[in-house]
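To start, the structure itself, in structure tokens.
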Amino acid sequence: MHERLSFHIKRDSFLHSLNPLTKLVLTLALILIAFTFPYYWTPHILVLAAIIPLSLLGKVFREFSVTALRLIIPAAGFLFLMQAFFQPVGTDIIFKFYFLDMTMESVLFAFRNAMRVFVMVSAFTLFLVTTHPSELMSDLTRRGLPGQFAYVIISTLQILPQMQAKAQTIISAQRSRGLDTESSFLKRAGSLIPLIGPLVFGSLVEVEERAIAIEARGFTSKQVKTSLHEVPDTAFDQFLRWALLVFIIISIGLNLWLS
Amino acid sequence: MLDKIKSNFNTQTWVLIPIAIAINIAVGQIVLVLKLPVFLDSIGTVLVAVLCGPWAGALTGALSNVIWGIAIDPGALPWWPVAAMIGYMAGRMAGWGFFKSWWKVVVTGFVVALTAAIVSTPIAVYLFGGITASGSSFITAYLLQTGQGIWSAVVSTSFLTEPVDKITTAMIAFAIIQGLPKRTIGGYPKANQVATEGGASSTQLYIAIGVVVALVLFAAFMLRNILGG
Amino acid sequence: MAFVTLQNVTYKYPLTEKPVLQNINLQIQEGEFVSVIGPNGAGKSTLCYALAGFVPHFFKGEISGEIEVDGKLSSKSTLDTWVLNVGLAFQNPFNQISGAKYTVFEEIAFGLENIGVPRDEMKKRVEDAMSLTGISELADRSPYSLSGGQQQRVALTSILVMRPRLLVLDEPTSQMDPIGTREVFGVVRKMAEEGMTVVMVEHKVEWIAEFADRVIALKEGQILMEGKPNEVLTSDLLTENGFGVSRYTSTAREAKKQGLWKKQNLPVTLDEAVEGFKK
């Protein structure tokens with residue numbers, strides 16, 4: 001079990017050196033364009049022309065490919081199958097399975113949607129892999145995001161693995177006491193309380209003391225907060241953000257204009 | 001407005017939110033392991049909503065989905081507005097006094113379920129054409145094949161799956177709050193919302209079960225009307 | 001004019017019947033190192049919370065009397081300004097980790113970020129504080145990966161770095177070995193000599209005898225006795241009231257009954273005991 005949840009891979013690359021906000025805008029731009037640009041092959045082109053080159057620029061192509069194969073492609077593939085079979089569009093039936101019809105239209109529709117999801121998840125993955133959470137939060141706090149948000153995001157990322165580890169321990173402990181995840185429905189439902197109870201109560205009782213500890217360290221101070229880390233923001237970053245914003249506007253504009 | 005939002009957040013709220021998100025995700029995963037036919041992935045959201053207020057609840061819900069999306073299942077990402085609405089609605093219901101006894105909690109769960117169904121429909125329809133990667137989409141697909149319109153197919157699916165899940169969620173959250181020492185609750189912004197009403201808790205529980213049955217019948221009736229029409 | 005004054009302070013937590021603090025009157029001079037002892041439920045932690053402003057500002061409840069630190073009244077202040085003057089570290093180190101930081105260095109800087117200390121000064125202060133408490137080599141570790149004793153040092157450093165005028169410590173060494181405990185007492189003594197006022201709840205009486213200026217014994221929310229460490233810690237009143245005392249004190253007390261301890265005063269530390277038995 002990792003002691004913290006972070007996808008960040010430390011590398012010295014062009015993508016790593018970009019300002020976190022720039023990368024966030026880039027991620028959103030890729031997603032919005034994939035979903036709104038009114039051209040069928042847009043998401044497919046984005047994968048070839050943006051996602052893969054970016055993973056190379058970030059020197060994370062190998063890690064990215066592994067994630068894509070293990071997580072993203074199965075998820076997108078499942079969505080593709082569900083939609084290809086269940087989408088009741090078109091008449092040109094190419095495959096029949098009981099009452100389910102797969103048509104040319106539904107396959108094309110499903111393919112595009114699956115690619116859109118692939119772009120969305122890939123863009124987020126690249127963002128997370130090349131950006132350290134505390135760097136992102138320092139930068140956003142400096143730009144006016146309330147400090148409490150940084151606190152919530154980072155501490156969630158640190159508490160979650162601890163909680164999952166605890167959940168795992170509790171499940172194993174209950175299993176050794178005879179909990180069977182294959183047993184009858186009522187038994188499994190009844191085992192929920194002894195599983196959830198210890199997990200939840202322990203952490204809720206801690207809240208008060210943890211609140212005291214951070215208040216003692218000026219959490220509610222009305223001073224303008226400063227940051228230990230300096231996050232660079234170059235002229236190139238600013239140019240890139242504006243350019244991406246223009247692309248987003250064009251894409252959404254075309255979508256609205258043509259529909 | 002801004003003051004109302006701010007009143008949801010004190011230091012204990014900020015400390016509780018990460019824990020609540022972790023509870024959402026960890027319990028959601030335990031339920032997956034147990035293969036129960038519910039999600040129970042918003043217990044933490046309801047806890048925050050009830051103890052701190054609707055805005056804190058909405059924030060917890062939205063962040064849960066974003067973090068669930070980036071950490072575990074990317075497919076959860078687009079559903080953040082649903083999670084936010086669950087938190088908001090649970091907080092509103094608690095504000096109106098509907099988190100003080102078992103049967104009221106059941107009503108809260110039901111209202112939250114309806115809200116979730118309504119908010120999730122446009123996302124399912126516009127983003128996924130009605131068919132998502134979730135198991136309940138088999139129902140939607142079946143309804144679509146029987147000639148239902150896409151909107152009514154998606155809404156009916158949600159009406160079938162949401163109430164059981166959200167009523168159970170609300171009842172577990174209520175049980176947790178009941179089980180906590182009073183002193184632990186006192187520091188949250190809306191602690192007075194959960195001061196329970198009198199009456200024997202076993203009678204309360206029976207009434208609650210009755211209300212659940214009534215609501216399920218009501219939902220079935222509504223559904224038949226939708227399907228029939 | 002004392003640096004810290006408690007005047008007739010009585011306090012009750014919400015939803016409780018009995019006051020936890022009753023008519024506490026207390027004066028502490030600037031730069032004094034005061035240690036508080038007492039059995040469980042004596043109100044030691046509540047006294048710490050009262051000095052640090054959390055009683056009543058955080059816990060609410062009913063308070064009467066006045067708490068004054070550095071000429072400011074707690075009743076007329078808010079918690080966010082009060083904590084700039086008064087630092088608090090307590091027993092459970094795990095709950096004192098902010099959770100918002102990935103390394104020990106960042107963790108210690110957390111408080112300084114919150115109160116808006118400029119970056120260069122912040123780095124210098126964090127480095128100084130870490131070398132003072134001897135944790136410089138932990139700088140890049142995750143706070144969650146540390147032992148309980150190390151986490152307690154991080155918690156102490158995280159408060160010291162904010163340079164409070166009054167430092168309130170509630171059993172800050174409970175998870176440390178004797179060497180670590182001795183070092184922490186040494187650091188606290190040094191801070192007191194540099195002018196920081198210290199109130200420290202502890203039950204390790206041998207170290208209190210060696211390092212503190214004054215001891216306050218609390219029982220059931222009231223001050224049972226106070227005075228020089230050796231007077232208080234060897235007093236019969238403590239034993240009669242069920243306080244834990246040093247094993248050297250109880251040994252010498254037995255020895256005195258048998259006529260083996262010739263000195264008037266009983267010892268608290270090993271050195272005093274050895275010295276006394278030599279005579």
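Please note that chains go A, B, ... in the order of the structure tokens, that every chain numbers its residues from 1, and that ligands are numbered from 1 in the order shown.
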(message) Can you pull out the residues contacting Trp14 of chain B? Cut-off 8 Å, using only C-alpha atoms, and skip same-chain residues under 3 positions away; I want them as an MDAnalysis selection string.
(response) (chainID A and resid 148 151:152) or (chainID B and resid 9:11 17:18)
(message) Set the distance at 10 Å and use only C-alpha atoms: which residues neighbour Met191 of chain C once local chain neighbours fewer than 4 positions away are removed? I'd like the list as a ChimeraX atom specification.
(response) /C:31-33,132,160,163,167,185-187,195-198
(request) Do me a favour and pick out the residues of chain C within 8 Å of chain B, using only C-alpha atoms, as a VMD selection string. (result) chain C and resid 14 to 15 58 to 59
(message) as a VMD selection string, please: every residue in segment 19-247 of chain A that a backbone DSSP assignment puts in helix (DSSP H, G or I).
(response) chain A and resid 20 to 36 42 to 57 61 to 86 104 to 130 133 to 142 147 to 176 185 to 190 192 to 215 235 to 247
(request) Pull out every residue of chain C that has at least one atom within 6 Å of chain A, counting only C-alpha atoms, and report them as a VMD selection string. (result) chain C and resid 80 83 95 to 96 99 to 100 111 113 to 116 119
(request) Return the neighbours of chain A among the residues of chain B, cut-off 7 Å, counting only C-alpha atoms, as a list in words. (result) Thr11, Gln12, Trp14, Val15, Leu16, Ile17, Pro18, Ile19, Ile21, Ala22, Ile23, Ala26, Val27, Leu34, Pro74, Ile131, Thr132, Ala133, Ala141, Leu144, Gln145 and Thr184 of chain B
(request) For Lys10 of chain A, list every protein, DNA or RNA residue within 9 Å, evaluated using only C-alpha atoms, and leave out those in the same chain fewer than 4 positions away; present the list as a list in words. (result)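 Residues near the query, excluding close chain neighbours: His16, Val129, Thr130, Thr131 and His132 of chain A.
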How about saving the chosen residues, N, CA and C atoms kept, as a compact mmCIF listing (two decimals), in the first residue's frame?
```
# COMPACT_ATOMS: atom_id res chain seq x y z
N HIS A 16 6.81 18.86 -17.78
CA HIS A 16 6.93 19.04 -16.34
C HIS A 16 7.19 20.50 -15.98
N VAL A 129 0.28 12.98 -14.08
CA VAL A 129 1.60 12.36 -14.05
C VAL A 129 2.71 13.41 -14.09
N THR A 130 2.44 14.54 -14.76
CA THR A 130 3.50 15.53 -14.91
C THR A 130 3.39 16.70 -13.94
N THR A 131 2.38 16.69 -13.05
CA THR A 131 2.18 17.81 -12.15
C THR A 131 2.12 17.33 -10.71
N HIS A 132 2.97 17.86 -9.85
CA HIS A 132 2.89 17.47 -8.44
C HIS A 132 1.71 18.19 -7.78
```
(request) Taking the DSSP assignment computed from this structure's backbone, write out as an MDAnalysis selection string all residues of segment 18-232 of chain A that belong to strand (DSSP E or B). (result) chainID A and resid 93:97 100:103
(request) Would you mind telling me which residue in B:Gly87, B:Gly69, B:Gly147, B:Pro37 lies nearest to Pro54 of chain B when using only C-alpha atoms? (result) B:Gly87
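Going from atom CA of Phe54 of chain C to atom CA of Val168 of chain C covers 11.8 Å.
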(message) I'd like to know which of B:Ile139, B:Ala90, B:Val33, B:Ala195 is closest to Arg175 of chain A, using only C-alpha atoms.
(response)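 Answer, going by the shortest atom-to-atom distance: B:Val33.
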(request) For atom CA of Leu244 of chain A and atom CA of Asp139 of chain A, determine how far apart the two atoms are, in Å to one decimal place. (result) 19.0 Å
(request) For each of C:Arg153, C:Asp213, C:Val161, C:Glu194, take the minimum atom-to-atom distance to Thr181 of chain C, counting only C-alpha atoms, then give the residue where this is smallest. (result) C:Arg153
(message) Measuring between only C-alpha atoms, which one of C:Thr46, C:Asn230, C:Thr78, C:Thr251 shows the shortest distance to Asp170 of chain C?
(response) C:Thr46
Residues within 12 Å of segment 262-274 of chain C, only C-alpha atoms, excluding chain neighbours under 6 positions, as an mmCIF file with N, CA and C atoms, in the first residue's frame:
```cif
data_model
loop_
_atom_site.group_PDB
_atom_site.id
_atom_site.type_symbol
_atom_site.label_atom_id
_atom_site.label_comp_id
_atom_site.auth_asym_id
_atom_site.auth_seq_id
_atom_site.Cartn_x
_atom_site.Cartn_y
_atom_site.Cartn_z
ATOM 1 N N LYS C 204 6.452 13.055 33.679
ATOM 2 C CA LYS C 204 7.823 12.545 33.881
ATOM 3 C C LYS C 204 8.521 13.452 34.901
ATOM 4 N N VAL C 205 8.246 13.175 36.183
ATOM 5 C CA VAL C 205 8.610 14.119 37.249
ATOM 6 C C VAL C 205 10.113 14.326 37.381
ATOM 7 N N GLU C 206 10.916 13.307 37.044
ATOM 8 C CA GLU C 206 12.362 13.487 37.194
ATOM 9 C C GLU C 206 12.876 14.599 36.289
ATOM 10 N N TRP C 207 12.347 14.636 35.068
ATOM 11 C CA TRP C 207 12.774 15.694 34.145
ATOM 12 C C TRP C 207 12.227 17.040 34.583
ATOM 13 N N ILE C 208 11.006 17.041 35.118
ATOM 14 C CA ILE C 208 10.426 18.301 35.596
ATOM 15 C C ILE C 208 11.334 18.880 36.674
ATOM 16 N N ALA C 209 11.749 18.013 37.623
ATOM 17 C CA ALA C 209 12.585 18.473 38.724
ATOM 18 C C ALA C 209 13.869 19.091 38.199
ATOM 19 N N GLU C 210 14.398 18.507 37.131
ATOM 20 C CA GLU C 210 15.668 18.994 36.623
ATOM 21 C C GLU C 210 15.527 20.285 35.820
ATOM 22 N N PHE C 211 14.415 20.432 35.075
ATOM 23 C CA PHE C 211 14.356 21.533 34.120
ATOM 24 C C PHE C 211 13.366 22.664 34.442
ATOM 25 N N PRO C 229 9.890 22.953 42.074
ATOM 26 C CA PRO C 229 9.701 21.536 41.734
ATOM 27 C C PRO C 229 9.986 20.593 42.896
ATOM 28 N N ASN C 230 11.125 20.762 43.572
ATOM 29 C CA ASN C 230 11.464 19.811 44.618
ATOM 30 C C ASN C 230 10.501 19.835 45.794
ATOM 31 N N GLU C 231 10.020 21.025 46.120
ATOM 32 C CA GLU C 231 9.059 21.125 47.229
ATOM 33 C C GLU C 231 7.773 20.397 46.881
ATOM 34 N N VAL C 232 7.270 20.696 45.680
ATOM 35 C CA VAL C 232 5.977 20.121 45.303
ATOM 36 C C VAL C 232 6.096 18.614 45.078
ATOM 37 N N LEU C 233 7.111 18.227 44.322
ATOM 38 C CA LEU C 233 7.192 16.823 43.898
ATOM 39 C C LEU C 233 7.520 15.860 45.035
ATOM 40 N N THR C 234 8.060 16.382 46.149
ATOM 41 C CA THR C 234 8.373 15.491 47.265
ATOM 42 C C THR C 234 7.364 15.640 48.395
ATOM 43 N N SER C 235 6.336 16.469 48.162
ATOM 44 C CA SER C 235 5.393 16.743 49.246
ATOM 45 C C SER C 235 4.504 15.523 49.536
ATOM 46 N N ASP C 236 4.191 15.352 50.817
ATOM 47 C CA ASP C 236 3.313 14.243 51.206
ATOM 48 C C ASP C 236 1.911 14.426 50.641
ATOM 49 N N GLY C 244 1.227 10.492 40.857
ATOM 50 C CA GLY C 244 2.398 9.657 40.647
ATOM 51 C C GLY C 244 3.641 10.432 41.069
ATOM 52 N N VAL C 245 4.546 9.788 41.830
ATOM 53 C CA VAL C 245 5.783 10.472 42.212
ATOM 54 C C VAL C 245 6.975 9.664 41.692
ATOM 55 N N SER C 246 8.123 10.293 41.732
ATOM 56 C CA SER C 246 9.348 9.628 41.271
ATOM 57 C C SER C 246 9.653 8.424 42.146
ATOM 58 N N ARG C 247 10.226 7.379 41.528
ATOM 59 C CA ARG C 247 10.549 6.191 42.331
ATOM 60 C C ARG C 247 11.646 6.513 43.345
ATOM 61 N N TYR C 248 12.497 7.514 43.026
ATOM 62 C CA TYR C 248 13.553 7.882 43.983
ATOM 63 C C TYR C 248 12.934 8.537 45.212
ATOM 64 N N THR C 249 11.875 9.332 44.989
ATOM 65 C CA THR C 249 11.197 9.967 46.113
ATOM 66 C C THR C 249 10.574 8.907 47.017
ATOM 67 N N SER C 250 9.848 7.944 46.406
ATOM 68 C CA SER C 250 9.187 6.954 47.256
ATOM 69 C C SER C 250 10.203 6.048 47.954
ATOM 70 N N THR C 251 11.310 5.726 47.269
ATOM 71 C CA THR C 251 12.358 4.917 47.903
ATOM 72 C C THR C 251 12.933 5.663 49.111
ATOM 73 N N ALA C 252 13.278 6.942 48.880
ATOM 74 C CA ALA C 252 13.900 7.712 49.956
ATOM 75 C C ALA C 252 12.933 7.913 51.122
ATOM 76 N N ARG C 253 11.619 8.027 50.781
ATOM 77 C CA ARG C 253 10.635 8.218 51.843
ATOM 78 C C ARG C 253 10.609 6.988 52.751
ATOM 79 N N GLU C 254 10.626 5.805 52.102
ATOM 80 C CA GLU C 254 10.704 4.562 52.879
ATOM 81 C C GLU C 254 11.990 4.527 53.703
ATOM 82 N N ALA C 255 13.099 4.911 53.034
ATOM 83 C CA ALA C 255 14.408 4.891 53.694
ATOM 84 C C ALA C 255 14.413 5.822 54.908
ATOM 85 N N LYS C 256 13.692 6.956 54.754
ATOM 86 C CA LYS C 256 13.662 7.940 55.843
ATOM 87 C C LYS C 256 12.965 7.355 57.067
#
```
(request) Measure the distance from atom CA of Val9 of chain C to atom CA of Glu66 of chain C in Å and round it to one decimal. (result) 6.2 Å
Please identify all polymer residues within 12 Å of His44 of chain A, counting only C-alpha atoms, omitting same-chain residues fewer than 2 positions from it, and present them as a PDB file with C-alpha atoms, in the first residue's frame.
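Result file part-v1.pdb:
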```
ATOM      1  CA  LEU A  30      -8.334  18.710 -25.084  1.00  0.00           C
ATOM      2  CA  ILE A  33     -12.511  20.109 -28.114  1.00  0.00           C
ATOM      3  CA  ALA A  34     -12.900  16.316 -28.213  1.00  0.00           C
ATOM      4  CA  PHE A  35     -16.496  16.649 -27.066  1.00  0.00           C
ATOM      5  CA  PHE A  37     -15.657  20.165 -32.219  1.00  0.00           C
ATOM      6  CA  TYR A  39     -16.073  16.888 -36.945  1.00  0.00           C
ATOM      7  CA  TYR A  40     -16.445  13.125 -36.552  1.00  0.00           C
ATOM      8  CA  TRP A  41     -12.737  12.235 -36.427  1.00  0.00           C
ATOM      9  CA  THR A  42     -11.766  14.988 -33.924  1.00  0.00           C
ATOM     10  CA  LEU A  46      -6.416  14.428 -30.970  1.00  0.00           C
ATOM     11  CA  VAL A  47      -5.074  11.104 -29.733  1.00  0.00           C
ATOM     12  CA  LEU A  48      -2.566  10.912 -32.575  1.00  0.00           C
ATOM     13  CA  ALA A  49      -1.690  14.599 -32.825  1.00  0.00           C
ATOM     14  CA  ALA A  50      -1.840  15.660 -29.165  1.00  0.00           C
ATOM     15  CA  ILE A  51      -2.052  12.900 -26.561  1.00  0.00           C
ATOM     16  CA  ILE A  52       0.781  10.713 -27.862  1.00  0.00           C
ATOM     17  CA  PHE A 111     -16.528   4.463 -31.522  1.00  0.00           C
ATOM     18  CA  ARG A 112     -16.532   8.234 -31.331  1.00  0.00           C
ATOM     19  CA  ASN A 113     -17.865   8.265 -27.777  1.00  0.00           C
ATOM     20  CA  ALA A 114     -15.280   5.751 -26.665  1.00  0.00           C
ATOM     21  CA  MET A 115     -12.530   7.859 -28.247  1.00  0.00           C
ATOM     22  CA  ARG A 116     -13.876  10.967 -26.534  1.00  0.00           C
ATOM     23  CA  VAL A 117     -13.684   9.198 -23.191  1.00  0.00           C
ATOM     24  CA  PHE A 118     -10.214   7.978 -24.083  1.00  0.00           C
ATOM     25  CA  VAL A 119      -9.082  11.561 -24.765  1.00  0.00           C
ATOM     26  CA  MET A 120     -10.659  12.795 -21.543  1.00  0.00           C
TER      27      MET A 120
END
```
